[in-house]
file upload12.txt (compact mmCIF, C-alpha atoms)
# COMPACT_ATOMS: atom_id res chain seq x y z
CA MET A 1 14.04 -3.40 2.01
CA ILE A 2 13.82 -4.52 5.60
CA GLU A 3 13.90 -8.08 6.87
CA ILE A 4 12.05 -8.95 10.04
CA PRO A 5 14.75 -9.26 12.68
CA ASP A 6 15.35 -12.24 14.93
CA THR A 7 14.37 -10.57 18.20
CA ARG A 8 14.36 -13.69 20.40
CA ARG A 9 17.24 -15.95 21.37
CA GLY A 10 17.10 -19.45 20.05
CA ALA A 11 15.05 -18.62 16.95
CA GLY A 12 15.40 -21.43 14.42
CA PRO A 13 15.98 -21.09 10.69
CA ARG A 14 12.26 -20.85 9.99
CA ARG A 15 10.64 -17.44 10.21
CA HIS A 16 7.35 -17.36 12.08
CA PHE A 17 4.53 -15.01 11.09
CA GLY A 18 1.41 -14.59 13.21
CA PHE A 19 -2.02 -13.43 12.01
CA LEU A 20 -4.51 -12.24 14.63
CA VAL A 21 -7.86 -12.25 12.82
CA LEU A 22 -10.70 -10.06 14.06
CA PRO A 23 -14.37 -10.82 13.33
CA ARG A 24 -15.34 -9.87 9.75
CA PHE A 25 -11.68 -9.55 8.79
CA SER A 26 -10.68 -9.02 5.14
CA MET A 27 -10.17 -12.47 3.62
CA ILE A 28 -8.45 -11.10 0.49
CA ALA A 29 -5.77 -9.33 2.55
CA PHE A 30 -5.31 -12.38 4.80
CA THR A 31 -4.83 -14.88 1.96
CA ASN A 32 -2.66 -12.52 -0.11
CA ALA A 33 -0.31 -12.22 2.86
CA ILE A 34 -0.04 -15.97 3.44
CA GLU A 35 0.28 -17.19 -0.16
CA PRO A 36 3.81 -15.80 -0.78
CA LEU A 37 4.98 -17.69 2.33
CA ARG A 38 3.40 -20.93 1.15
CA VAL A 39 4.84 -20.61 -2.35
CA ALA A 40 8.28 -19.70 -0.96
CA ASN A 41 8.30 -22.99 0.96
CA GLN A 42 7.09 -24.90 -2.09
CA LEU A 43 9.66 -23.50 -4.49
CA ALA A 44 12.54 -23.65 -2.03
CA GLY A 45 11.78 -27.28 -1.17
CA GLU A 46 12.07 -26.53 2.53
CA GLU A 47 10.07 -24.81 5.25
CA LEU A 48 11.50 -21.32 5.23
CA TYR A 49 8.38 -19.87 6.84
CA CYS A 50 5.63 -21.01 9.14
CA TRP A 51 2.56 -19.11 10.27
CA SER A 52 -0.02 -19.23 13.02
CA VAL A 53 -3.57 -17.93 12.91
CA TYR A 54 -4.90 -16.52 16.17
CA SER A 55 -8.17 -15.13 17.47
CA MET A 56 -9.02 -13.43 20.74
CA GLN A 57 -11.24 -16.31 21.92
CA GLY A 58 -9.23 -19.12 20.31
CA GLY A 59 -11.96 -20.33 18.00
CA ALA A 60 -12.87 -20.03 14.34
CA VAL A 61 -13.51 -16.54 12.99
CA ILE A 62 -15.89 -15.61 10.17
CA ALA A 63 -14.49 -13.20 7.59
CA SER A 64 -16.39 -10.35 5.94
CA ASP A 65 -17.21 -12.62 2.97
CA GLY A 66 -18.75 -15.29 5.20
CA LEU A 67 -15.85 -17.75 4.96
CA THR A 68 -14.25 -19.10 8.12
CA ALA A 69 -10.57 -19.03 9.11
CA MET A 70 -9.52 -22.34 10.73
CA PRO A 71 -7.74 -23.49 12.74
CA THR A 72 -7.27 -20.58 15.15
CA ARG A 73 -6.08 -20.37 18.72
CA CYS A 74 -5.38 -17.75 21.33
CA VAL A 75 -2.06 -15.94 21.12
CA ASP A 76 0.53 -18.03 22.97
CA GLU A 77 2.68 -15.43 24.71
CA THR A 78 5.34 -18.05 25.43
CA ALA A 79 5.91 -18.81 21.73
CA LEU A 80 5.39 -15.57 19.89
CA PRO A 81 6.11 -15.04 16.17
CA GLU A 82 8.69 -12.59 14.85
CA LEU A 83 5.88 -10.48 13.41
CA LEU A 84 2.25 -10.38 14.55
CA LEU A 85 -0.17 -8.86 12.03
CA VAL A 86 -3.65 -7.82 13.11
CA CYS A 87 -6.09 -8.60 10.30
CA GLY A 88 -9.06 -6.25 10.40
CA GLY A 89 -12.01 -5.52 8.19
CA ALA A 90 -15.44 -3.96 8.20
CA ASP A 91 -15.90 -3.71 11.99
CA ALA A 92 -12.30 -3.11 13.04
CA PRO A 93 -12.84 0.45 14.36
CA CYS A 94 -15.44 -0.91 16.80
CA GLN A 95 -13.36 -3.93 17.86
CA ALA A 96 -10.33 -2.05 19.18
CA ASP A 97 -11.32 -2.64 22.81
CA GLU A 98 -9.16 -2.54 25.91
CA GLY A 99 -8.71 -6.33 26.04
CA LEU A 100 -7.19 -6.34 22.56
CA ALA A 101 -5.08 -3.28 23.40
CA ARG A 102 -3.67 -4.94 26.53
CA LEU A 103 -2.74 -8.06 24.57
CA LEU A 104 -0.96 -6.05 21.88
CA ARG A 105 0.93 -3.98 24.45
CA ARG A 106 2.12 -7.17 26.17
CA VAL A 107 3.26 -8.60 22.84
CA ALA A 108 5.10 -5.35 22.03
CA SER A 109 6.86 -5.51 25.41
CA ARG A 110 8.35 -8.85 24.30
CA ARG A 111 10.14 -7.07 21.43
CA VAL A 112 7.88 -8.64 18.82
CA ALA A 113 7.33 -6.58 15.67
CA LEU A 114 3.69 -5.60 15.21
CA GLY A 115 1.72 -4.80 12.11
CA ALA A 116 -1.73 -4.57 10.61
CA LEU A 117 -3.56 -5.50 7.44
CA CYS A 118 -6.50 -3.45 6.22
CA SER A 119 -8.40 -1.82 9.11
CA GLY A 120 -6.47 -3.80 11.70
CA VAL A 121 -4.51 -0.57 12.04
CA TYR A 122 -7.25 0.67 14.40
CA ALA A 123 -6.27 -1.98 16.95
CA LEU A 124 -2.66 -0.81 17.05
CA ALA A 125 -3.71 2.83 17.05
CA GLY A 126 -6.15 2.26 19.91
CA ALA A 127 -3.37 0.62 21.93
CA LYS A 128 -1.17 3.69 21.29
CA LEU A 129 1.38 1.48 19.57
CA LEU A 130 1.57 3.64 16.45
CA ASP A 131 2.19 7.00 18.11
CA GLY A 132 5.15 8.63 16.39
CA TYR A 133 5.17 6.11 13.53
CA ARG A 134 4.47 6.49 9.82
CA THR A 135 1.44 4.33 9.12
CA ALA A 136 -0.29 3.12 5.97
CA ALA A 137 -4.09 3.05 5.96
CA ARG A 138 -6.82 2.58 3.40
CA TRP A 139 -7.96 5.86 1.89
CA GLU A 140 -11.42 5.34 3.43
CA ASP A 141 -9.82 5.21 6.89
CA LEU A 142 -7.35 8.08 6.53
CA PRO A 143 -9.65 10.96 7.59
CA GLY A 144 -10.98 9.11 10.65
CA LEU A 145 -7.55 7.95 11.79
CA ARG A 146 -6.05 11.41 11.43
CA GLU A 147 -8.90 12.90 13.45
CA ARG A 148 -8.88 10.30 16.25
CA PHE A 149 -5.14 9.67 16.48
CA PRO A 150 -3.24 12.92 15.76
CA ARG A 151 0.05 11.44 17.04
CA ILE A 152 0.16 8.99 14.14
CA GLU A 153 1.57 10.06 10.77
CA CYS A 154 -0.99 8.46 8.45
CA VAL A 155 0.15 8.29 4.83
CA PRO A 156 -1.60 7.07 1.64
CA ASN A 157 1.13 4.56 0.73
CA LEU A 158 0.16 0.96 -0.03
CA PHE A 159 2.27 -0.21 2.89
CA VAL A 160 4.81 1.23 5.30
CA VAL A 161 7.66 -0.30 7.29
CA ASP A 162 8.73 2.04 10.07
CA ARG A 163 11.16 0.45 12.53
CA ASP A 164 9.21 -2.34 14.26
CA ARG A 165 5.79 -1.44 12.85
CA TYR A 166 4.48 -2.93 9.60
CA THR A 167 1.23 -1.58 8.18
CA CYS A 168 -0.51 -2.43 4.93
CA THR A 169 -3.70 -1.16 3.32
CA GLY A 170 -4.80 -4.73 2.57
CA GLY A 171 -6.42 -6.20 -0.53
CA VAL A 172 -3.94 -7.20 -3.21
CA ALA A 173 -1.38 -4.81 -1.67
CA ALA A 174 -0.83 -7.45 1.03
CA LEU A 175 0.89 -9.62 -1.59
CA ASP A 176 3.30 -6.80 -2.55
CA PHE A 177 3.85 -6.14 1.13
CA MET A 178 4.80 -9.73 1.95
CA LEU A 179 7.09 -10.07 -1.07
CA TYR A 180 8.80 -6.87 0.02
CA LEU A 181 9.38 -8.31 3.49
CA ILE A 182 10.74 -11.70 2.47
CA THR A 183 12.88 -10.77 -0.56
CA PRO A 184 15.97 -9.75 1.48
CA ARG A 185 16.15 -13.24 2.95
CA ILE A 186 15.16 -15.43 -0.01
CA GLY A 187 16.85 -13.37 -2.74
CA ARG A 188 15.48 -11.79 -5.89
CA ALA A 189 15.57 -14.99 -7.93
CA LEU A 190 13.21 -16.88 -5.64
CA ALA A 191 11.08 -13.77 -5.18
CA ALA A 192 10.76 -13.53 -8.97
CA ALA A 193 9.67 -17.16 -9.17
CA ILE A 194 7.05 -16.57 -6.48
CA SER A 195 5.77 -13.56 -8.41
CA HIS A 196 5.40 -15.63 -11.56
CA MET A 197 3.65 -18.43 -9.69
CA LEU A 198 1.14 -15.96 -8.29
CA GLY A 199 0.62 -14.15 -11.59
CA VAL A 200 2.11 -10.87 -10.40
CA GLU A 201 3.16 -8.74 -13.36
CA ARG A 202 4.77 -5.95 -11.35
CA VAL A 203 5.69 -5.96 -7.67
CA ARG A 204 4.97 -2.60 -6.06
CA ASP A 205 7.32 -1.21 -3.44
CA GLU A 206 6.99 0.86 -0.28
CA THR A 207 7.03 4.17 -2.15
CA GLU A 208 3.84 3.46 -4.11
CA ARG A 209 0.65 5.22 -3.11
CA GLN A 210 -2.97 4.26 -3.34
CA ARG A 211 -5.12 5.66 -6.08
CA ILE A 212 -7.58 7.73 -4.08
CA PRO A 213 -10.75 8.73 -5.94
CA VAL A 214 -11.80 12.34 -5.58
CA ALA A 215 -14.98 11.19 -3.85
CA GLY A 216 -12.76 9.62 -1.21
CA LEU A 217 -11.00 12.91 -0.61
CA ILE A 218 -14.05 15.16 -0.42
CA GLY A 219 -17.04 12.88 0.07
CA ALA A 220 -20.28 13.22 -1.86
CA SER A 221 -20.95 16.79 -0.75
CA ARG A 222 -19.01 18.41 -3.60
CA PRO A 223 -20.41 17.12 -6.90
CA LEU A 224 -18.81 20.08 -8.68
CA ILE A 225 -15.30 18.80 -7.89
CA SER A 226 -16.19 15.23 -8.76
CA GLN A 227 -17.50 16.33 -12.14
CA ALA A 228 -14.46 18.49 -12.84
CA ALA A 229 -12.07 15.71 -11.81
CA GLN A 230 -13.86 13.22 -14.06
CA LEU A 231 -13.43 15.62 -16.97
CA MET A 232 -9.71 15.86 -16.21
CA GLU A 233 -9.27 12.08 -15.97
CA ALA A 234 -11.07 11.62 -19.29
CA ASN A 235 -8.86 14.19 -21.03
CA ILE A 236 -5.26 13.33 -20.19
CA GLU A 237 -3.79 13.26 -23.71
CA GLU A 238 -5.55 16.44 -24.83
CA PRO A 239 -5.85 18.50 -21.63
CA LEU A 240 -8.80 20.83 -21.34
CA THR A 241 -8.34 24.47 -20.41
CA LEU A 242 -9.59 25.68 -17.05
CA GLU A 243 -12.18 27.71 -18.94
CA ASP A 244 -13.46 24.52 -20.64
CA ILE A 245 -13.59 22.58 -17.38
CA ALA A 246 -15.52 25.34 -15.63
CA ARG A 247 -17.97 25.71 -18.52
CA LEU A 248 -18.59 21.96 -18.80
CA SER A 249 -19.04 21.76 -15.03
CA GLY A 250 -21.57 24.56 -15.08
CA THR A 251 -19.61 27.01 -12.98
CA SER A 252 -17.15 29.89 -13.23
CA GLN A 253 -13.37 29.63 -13.20
CA ARG A 254 -13.26 31.66 -9.99
CA GLN A 255 -15.73 29.36 -8.22
CA LEU A 256 -13.87 26.27 -9.45
CA GLN A 257 -10.59 27.66 -8.09
CA ARG A 258 -12.17 28.46 -4.72
CA VAL A 259 -13.85 25.07 -4.26
CA PHE A 260 -10.74 23.10 -5.28
CA ARG A 261 -8.54 25.05 -2.88
CA SER A 262 -10.93 24.65 0.06
CA SER A 263 -11.75 20.95 -0.50
CA VAL A 264 -8.66 19.38 -2.10
CA GLY A 265 -5.96 21.83 -1.02
CA LEU A 266 -4.77 22.25 -4.62
CA THR A 267 -5.60 24.52 -7.49
CA PRO A 268 -7.44 22.84 -10.38
CA ALA A 269 -4.33 23.25 -12.53
CA ARG A 270 -2.11 21.58 -9.93
CA TYR A 271 -4.56 18.73 -9.45
CA TYR A 272 -4.75 18.23 -13.23
CA ILE A 273 -0.98 18.08 -13.76
CA THR A 274 -0.68 15.68 -10.79
CA LEU A 275 -3.12 13.32 -12.54
CA ARG A 276 -1.12 13.52 -15.75
CA LEU A 277 2.23 12.93 -14.04
CA ARG A 278 0.91 9.89 -12.15
CA ARG A 279 -0.42 8.48 -15.41
CA ALA A 280 3.00 9.06 -16.97
CA ARG A 281 4.67 7.17 -14.14
CA GLU A 282 2.33 4.21 -14.66
CA LEU A 283 3.16 4.12 -18.37
CA LEU A 284 6.90 4.35 -17.73
CA LYS A 285 6.78 1.50 -15.22
CA GLN A 286 4.29 -0.80 -16.88
CA THR A 287 4.79 -0.37 -20.64
CA PRO A 288 7.73 -0.27 -23.09
CA MET A 289 6.48 3.05 -24.57
CA PRO A 290 9.37 5.42 -25.41
CA VAL A 291 9.59 8.45 -23.15
CA ILE A 292 8.56 10.78 -25.98
CA GLU A 293 5.37 8.77 -26.53
CA VAL A 294 4.61 8.92 -22.81
CA THR A 295 5.18 12.67 -23.00
CA LEU A 296 2.54 13.05 -25.70
CA ALA A 297 0.12 10.52 -24.19
CA CYS A 298 0.01 12.55 -20.99
CA GLY A 299 -0.60 15.89 -22.65
CA PHE A 300 2.90 17.39 -22.58
CA ARG A 301 3.89 18.98 -25.87
CA SER A 302 7.55 19.44 -24.90
CA ALA A 303 9.91 16.74 -23.65
CA CYS A 304 11.80 19.42 -21.74
CA HIS A 305 8.65 20.61 -19.95
CA PHE A 306 7.66 17.02 -19.15
CA SER A 307 11.09 16.21 -17.75
CA ARG A 308 11.15 19.32 -15.54
CA ALA A 309 7.64 18.69 -14.22
CA TYR A 310 8.37 15.00 -13.60
CA ARG A 311 11.60 15.72 -11.76
CA ALA A 312 9.95 18.38 -9.61
CA PHE A 313 7.15 16.00 -8.61
CA PHE A 314 8.94 12.64 -8.23
CA GLY A 315 12.50 13.76 -7.54
CA HIS A 316 14.07 12.18 -10.63
CA ALA A 317 13.83 12.30 -14.40
CA PRO A 318 11.49 10.12 -16.53
CA SER A 319 14.52 8.36 -18.03
CA HIS A 320 15.64 7.35 -14.53
CA GLU A 321 12.16 5.97 -13.80
CA ARG A 322 12.38 3.86 -16.94
CA ARG A 323 15.81 2.50 -15.91
CA LEU A 324 14.42 1.59 -12.49
CA ALA A 325 11.47 -0.18 -14.12
CA ARG A 326 13.74 -2.16 -16.45
CA GLY A 327 15.90 -3.25 -13.53
CA THR A 328 12.81 -4.49 -11.68
CA LEU A 329 11.56 -6.40 -14.69
CA ARG A 330 14.96 -8.08 -15.11
CA GLY A 331 14.85 -9.08 -11.46
CA LEU A 332 11.37 -10.55 -11.87
CA SER A 333 11.95 -12.51 -15.05
CA GLY A 334 15.61 -12.92 -15.86
CA ASN A 335 16.47 -15.10 -12.87
CA ALA A 336 13.22 -16.97 -12.30
CA THR A 337 14.59 -20.30 -13.53
CA ALA A 338 17.50 -20.05 -11.06
CA ALA A 339 15.02 -20.33 -8.18
CA GLY A 340 14.73 -24.09 -7.94
CA GLY A 341 14.51 -24.49 -11.71
CA VAL A 342 10.89 -23.32 -11.71
CA ALA A 343 9.56 -22.07 -15.02
CA PRO A 344 7.58 -18.80 -15.09

call {"tool": "encode", "arguments": {"input": "upload12.txt", "output": "structure tokens"}}
result
Amino acid sequence: MIEIPDTRRGAGPRRHFGFLVLPRFSMIAFTNAIEPLRVANQLAGEELYCWSVYSMQGGAVIASDGLTAMPTRCVDETALPELLLVCGGADAPCQADEGLARLLRRVASRRVALGALCSGVYALAGAKLLDGYRTAARWEDLPGLRERFPRIECVPNLFVVDRDRYTCTGGVAALDFMLYLITPRIGRALAAAISHMLGVERVRDETERQRIPVAGLIGASRPLISQAAQLMEANIEEPLTLEDIARLSGTSQRQLQRVFRSSVGLTPARYYITLRLRRARELLKQTPMPVIEVTLACGFRSACHFSRAYRAFFGHAPSHERRLARGTLRGLSGNATAAGGVAP
């Protein structure tokens, strides 16, 4: 985990976050990013964090849901935060104009860390401030970003911290993102208490990826793949054969193979086992099911086969995943009372 560095001399004990909201920004991402800071201050009994809300014109900004963010002001370049996050939304690709790009480049020149929530990533990309960086983006934005900005390494992770760039897909992932950022400073006990206060059952880390629906990968032009993928998702415990999937999809095995390879970049069999392995990982992390039960629930008839496939895909054995999950749960619940005596 990475803590936002003190990049300016004279920085006080409080950490200062800045949120630059664009018109029709995502309110859910914005509030999920701020709430962990507010609760951290509340539970610690002191102002560990402060935040400023900015807009380009210095006035109130209406979010995509019609609510208004207040108060807002122009970015004060003489009193910049440690991290400035651009909060985008529905119109962000069209709002990445040269005025915004110039502002962000000036802020970057002051050694301020920059980041983005939701589609705010377009503003940083348009200013060429993400070239050569790994960058998280919503699955809907991934194809467009990769096409328009080939120098950026766009990845489907929920959030990414790469040196002095902090990008998050938005939505509820903004809460995981902020907890990830502040935990090194506040400690796991207080972070656990914040999680309980906010009703977070499991905090996701930087390695977690978005669940991208097949329609998001291929669009609506390939109903054959969508139908086949839906059959696979509905038959995890008792996997269908490729012959069954082709027959139920109204096509041949050869055609199914060809269309999957050209549209998804995987064979149907590889796509199917990827679905099953991701489901297994969810069960290992989120439930107390024994590994053998997870094996069977995800359509593997042999624990040995499951373990080999899991290790090849995730880089470690299912038993190691379970140990990691148990350690996280202990960190979230076992020390919550130590953080200011707050009950879960």

call {"tool": "atom_distance", "arguments": {"input": "upload12.txt", "atom1": "atom CA of Glu293 of chain A", "atom2": "atom CA of Arg202 of chain A"}}
result
21.2 Å

call {"tool": "atom_distance", "arguments": {"input": "upload12.txt", "atom1": "atom CA of Val155 of chain A", "atom2": "atom CA of Trp139 of chain A"}}
result
9.0 Å

call {"tool": "atom_distance", "arguments": {"input": "upload12.txt", "atom1": "atom CA of Leu20 of chain A", "atom2": "atom CA of Ser55 of chain A"}}
result
5.5 Å

call {"tool": "residues_around", "arguments": {"input": "upload12.txt", "residues": "Ala127 of chain A", "least_positions_apart": "6", "cutoff": "10 Å", "atoms": "all atoms listed in the file", "output": "PDB file with C-alpha atoms, keeping the file's coordinate frame"}}
result
ATOM      1  CA  ALA A  96     -10.330  -2.050  19.180  1.00  0.00           C
ATOM      2  CA  ASP A  97     -11.320  -2.640  22.810  1.00  0.00           C
ATOM      3  CA  GLU A  98      -9.160  -2.540  25.910  1.00  0.00           C
ATOM      4  CA  GLY A  99      -8.710  -6.330  26.040  1.00  0.00           C
ATOM      5  CA  LEU A 100      -7.190  -6.340  22.560  1.00  0.00           C
ATOM      6  CA  ALA A 101      -5.080  -3.280  23.400  1.00  0.00           C
ATOM      7  CA  ARG A 102      -3.670  -4.940  26.530  1.00  0.00           C
ATOM      8  CA  LEU A 103      -2.740  -8.060  24.570  1.00  0.00           C
ATOM      9  CA  LEU A 104      -0.960  -6.050  21.880  1.00  0.00           C
ATOM     10  CA  ARG A 105       0.930  -3.980  24.450  1.00  0.00           C
TER      11      ARG A 105
END

call {"tool": "residues_near_point", "arguments": {"input": "upload12.txt", "point": "(-5.4, -0.7, 2.2)", "cutoff": "7 Å", "atoms": "all atoms listed in the file", "output": "PyMOL selection string"}}
result
chain A and resi 118+137-138+158+168-171+173

call {"tool": "closest_residue", "arguments": {"input": "upload12.txt", "among": "A:Arg247, A:Arg308, A:Ala303, A:Ala280", "to": "Glu321 of chain A", "atoms": "all atoms listed in the file"}}
result
A:Ala280

call {"tool": "closest_residue", "arguments": {"input": "upload12.txt", "among": "A:Leu324, A:Leu129, A:Ala193, A:Val294", "to": "Arg278 of chain A", "atoms": "only C-alpha atoms"}}
result
A:Val294

call {"tool": "closest_residue", "arguments": {"input": "upload12.txt", "among": "A:Ala108, A:Val75, A:Leu224, A:Val39", "to": "Gly58 of chain A", "atoms": "only C-alpha atoms"}}
result
A:Val75

call {"tool": "closest_residue", "arguments": {"input": "upload12.txt", "among": "A:Arg276, A:Arg134, A:Arg204, A:Arg14", "to": "Glu238 of chain A", "atoms": "all atoms listed in the file"}}
result
A:Arg276

call {"tool": "closest_residue", "arguments": {"input": "upload12.txt", "among": "A:Lys285, A:His305, A:Arg146, A:Arg270", "to": "Gln257 of chain A", "atoms": "all atoms listed in the file"}}
result
A:Arg270

call {"tool": "closest_residue", "arguments": {"input": "upload12.txt", "among": "A:Thr183, A:Leu142, A:Ala297, A:Thr31", "to": "Ala69 of chain A", "atoms": "all atoms listed in the file"}}
result
A:Thr31

call {"tool": "build_atoms", "arguments": {"input": "upload12.txt", "residues": "segment 196-205 of chain A", "atoms": "all heavy atoms", "output": "PDB file, keeping the file's coordinate frame"}}
result
ATOM      1  N   HIS A 196       5.933 -14.967 -10.374  1.00  0.00           N
ATOM      2  CA  HIS A 196       5.400 -15.630 -11.560  1.00  0.00           C
ATOM      3  C   HIS A 196       4.350 -16.667 -11.181  1.00  0.00           C
ATOM      4  O   HIS A 196       3.319 -16.788 -11.840  1.00  0.00           O
ATOM      5  CB  HIS A 196       6.544 -16.278 -12.348  1.00  0.00           C
ATOM      6  CG  HIS A 196       7.338 -15.308 -13.161  1.00  0.00           C
ATOM      7  ND1 HIS A 196       6.877 -14.761 -14.338  1.00  0.00           N
ATOM      8  CD2 HIS A 196       8.561 -14.765 -12.959  1.00  0.00           C
ATOM      9  CE1 HIS A 196       7.784 -13.939 -14.823  1.00  0.00           C
ATOM     10  NE2 HIS A 196       8.814 -13.913 -14.007  1.00  0.00           N
ATOM     11  N   MET A 197       4.605 -17.423 -10.133  1.00  0.00           N
ATOM     12  CA  MET A 197       3.650 -18.430  -9.690  1.00  0.00           C
ATOM     13  C   MET A 197       2.311 -17.808  -9.315  1.00  0.00           C
ATOM     14  O   MET A 197       1.244 -18.384  -9.536  1.00  0.00           O
ATOM     15  CB  MET A 197       4.217 -19.210  -8.502  1.00  0.00           C
ATOM     16  CG  MET A 197       5.267 -20.224  -8.854  1.00  0.00           C
ATOM     17  SD  MET A 197       4.566 -21.739  -9.559  1.00  0.00           S
ATOM     18  CE  MET A 197       3.813 -22.478  -8.109  1.00  0.00           C
ATOM     19  N   LEU A 198       2.351 -16.625  -8.750  1.00  0.00           N
ATOM     20  CA  LEU A 198       1.140 -15.960  -8.290  1.00  0.00           C
ATOM     21  C   LEU A 198       0.556 -15.016  -9.330  1.00  0.00           C
ATOM     22  O   LEU A 198      -0.428 -14.318  -9.055  1.00  0.00           O
ATOM     23  CB  LEU A 198       1.435 -15.197  -6.985  1.00  0.00           C
ATOM     24  CG  LEU A 198       1.826 -16.079  -5.791  1.00  0.00           C
ATOM     25  CD1 LEU A 198       2.193 -15.221  -4.587  1.00  0.00           C
ATOM     26  CD2 LEU A 198       0.698 -17.036  -5.428  1.00  0.00           C
ATOM     27  N   GLY A 199       1.156 -14.977 -10.518  1.00  0.00           N
ATOM     28  CA  GLY A 199       0.620 -14.150 -11.590  1.00  0.00           C
ATOM     29  C   GLY A 199       0.798 -12.662 -11.389  1.00  0.00           C
ATOM     30  O   GLY A 199      -0.003 -11.854 -11.867  1.00  0.00           O
ATOM     31  N   VAL A 200       1.861 -12.279 -10.669  1.00  0.00           N
ATOM     32  CA  VAL A 200       2.110 -10.870 -10.400  1.00  0.00           C
ATOM     33  C   VAL A 200       2.963 -10.290 -11.514  1.00  0.00           C
ATOM     34  O   VAL A 200       4.098 -10.712 -11.730  1.00  0.00           O
ATOM     35  CB  VAL A 200       2.831 -10.681  -9.041  1.00  0.00           C
ATOM     36  CG1 VAL A 200       3.114  -9.202  -8.794  1.00  0.00           C
ATOM     37  CG2 VAL A 200       1.981 -11.258  -7.922  1.00  0.00           C
ATOM     38  N   GLU A 201       2.431  -9.331 -12.235  1.00  0.00           N
ATOM     39  CA  GLU A 201       3.160  -8.740 -13.360  1.00  0.00           C
ATOM     40  C   GLU A 201       4.198  -7.736 -12.888  1.00  0.00           C
ATOM     41  O   GLU A 201       5.283  -7.641 -13.439  1.00  0.00           O
ATOM     42  CB  GLU A 201       2.177  -8.042 -14.304  1.00  0.00           C
ATOM     43  CG  GLU A 201       2.841  -7.449 -15.540  1.00  0.00           C
ATOM     44  CD  GLU A 201       1.821  -6.862 -16.501  1.00  0.00           C
ATOM     45  OE1 GLU A 201       0.616  -7.092 -16.322  1.00  0.00           O
ATOM     46  OE2 GLU A 201       2.235  -6.160 -17.440  1.00  0.00           O
ATOM     47  N   ARG A 202       3.851  -6.975 -11.847  1.00  0.00           N
ATOM     48  CA  ARG A 202       4.770  -5.950 -11.350  1.00  0.00           C
ATOM     49  C   ARG A 202       4.619  -5.863  -9.838  1.00  0.00           C
ATOM     50  O   ARG A 202       3.522  -5.645  -9.324  1.00  0.00           O
ATOM     51  CB  ARG A 202       4.466  -4.587 -11.966  1.00  0.00           C
ATOM     52  CG  ARG A 202       5.409  -3.487 -11.520  1.00  0.00           C
ATOM     53  CD  ARG A 202       5.117  -2.193 -12.237  1.00  0.00           C
ATOM     54  NE  ARG A 202       3.921  -1.541 -11.762  1.00  0.00           N
ATOM     55  CZ  ARG A 202       3.881  -0.668 -10.748  1.00  0.00           C
ATOM     56  NH1 ARG A 202       4.989  -0.366 -10.096  1.00  0.00           N
ATOM     57  NH2 ARG A 202       2.761  -0.087 -10.389  1.00  0.00           N
ATOM     58  N   VAL A 203       5.724  -6.051  -9.121  1.00  0.00           N
ATOM     59  CA  VAL A 203       5.690  -5.960  -7.670  1.00  0.00           C
ATOM     60  C   VAL A 203       5.863  -4.501  -7.263  1.00  0.00           C
ATOM     61  O   VAL A 203       6.835  -3.846  -7.645  1.00  0.00           O
ATOM     62  CB  VAL A 203       6.804  -6.816  -7.030  1.00  0.00           C
ATOM     63  CG1 VAL A 203       6.784  -6.675  -5.509  1.00  0.00           C
ATOM     64  CG2 VAL A 203       6.631  -8.276  -7.419  1.00  0.00           C
ATOM     65  N   ARG A 204       4.927  -3.999  -6.503  1.00  0.00           N
ATOM     66  CA  ARG A 204       4.970  -2.600  -6.060  1.00  0.00           C
ATOM     67  C   ARG A 204       5.767  -2.492  -4.774  1.00  0.00           C
ATOM     68  O   ARG A 204       5.767  -3.399  -3.947  1.00  0.00           O
ATOM     69  CB  ARG A 204       3.547  -2.082  -5.868  1.00  0.00           C
ATOM     70  CG  ARG A 204       2.756  -2.081  -7.166  1.00  0.00           C
ATOM     71  CD  ARG A 204       1.299  -1.767  -6.955  1.00  0.00           C
ATOM     72  NE  ARG A 204       0.617  -2.807  -6.188  1.00  0.00           N
ATOM     73  CZ  ARG A 204      -0.663  -2.750  -5.853  1.00  0.00           C
ATOM     74  NH1 ARG A 204      -1.386  -1.691  -6.185  1.00  0.00           N
ATOM     75  NH2 ARG A 204      -1.210  -3.731  -5.166  1.00  0.00           N
ATOM     76  N   ASP A 205       6.467  -1.362  -4.614  1.00  0.00           N
ATOM     77  CA  ASP A 205       7.320  -1.210  -3.440  1.00  0.00           C
ATOM     78  C   ASP A 205       6.716  -0.238  -2.438  1.00  0.00           C
ATOM     79  O   ASP A 205       5.600   0.254  -2.599  1.00  0.00           O
ATOM     80  CB  ASP A 205       8.737  -0.790  -3.848  1.00  0.00           C
ATOM     81  CG  ASP A 205       8.788   0.563  -4.550  1.00  0.00           C
ATOM     82  OD1 ASP A 205       7.895   1.401  -4.297  1.00  0.00           O
ATOM     83  OD2 ASP A 205       9.716   0.790  -5.342  1.00  0.00           O
TER      84      ASP A 205
END
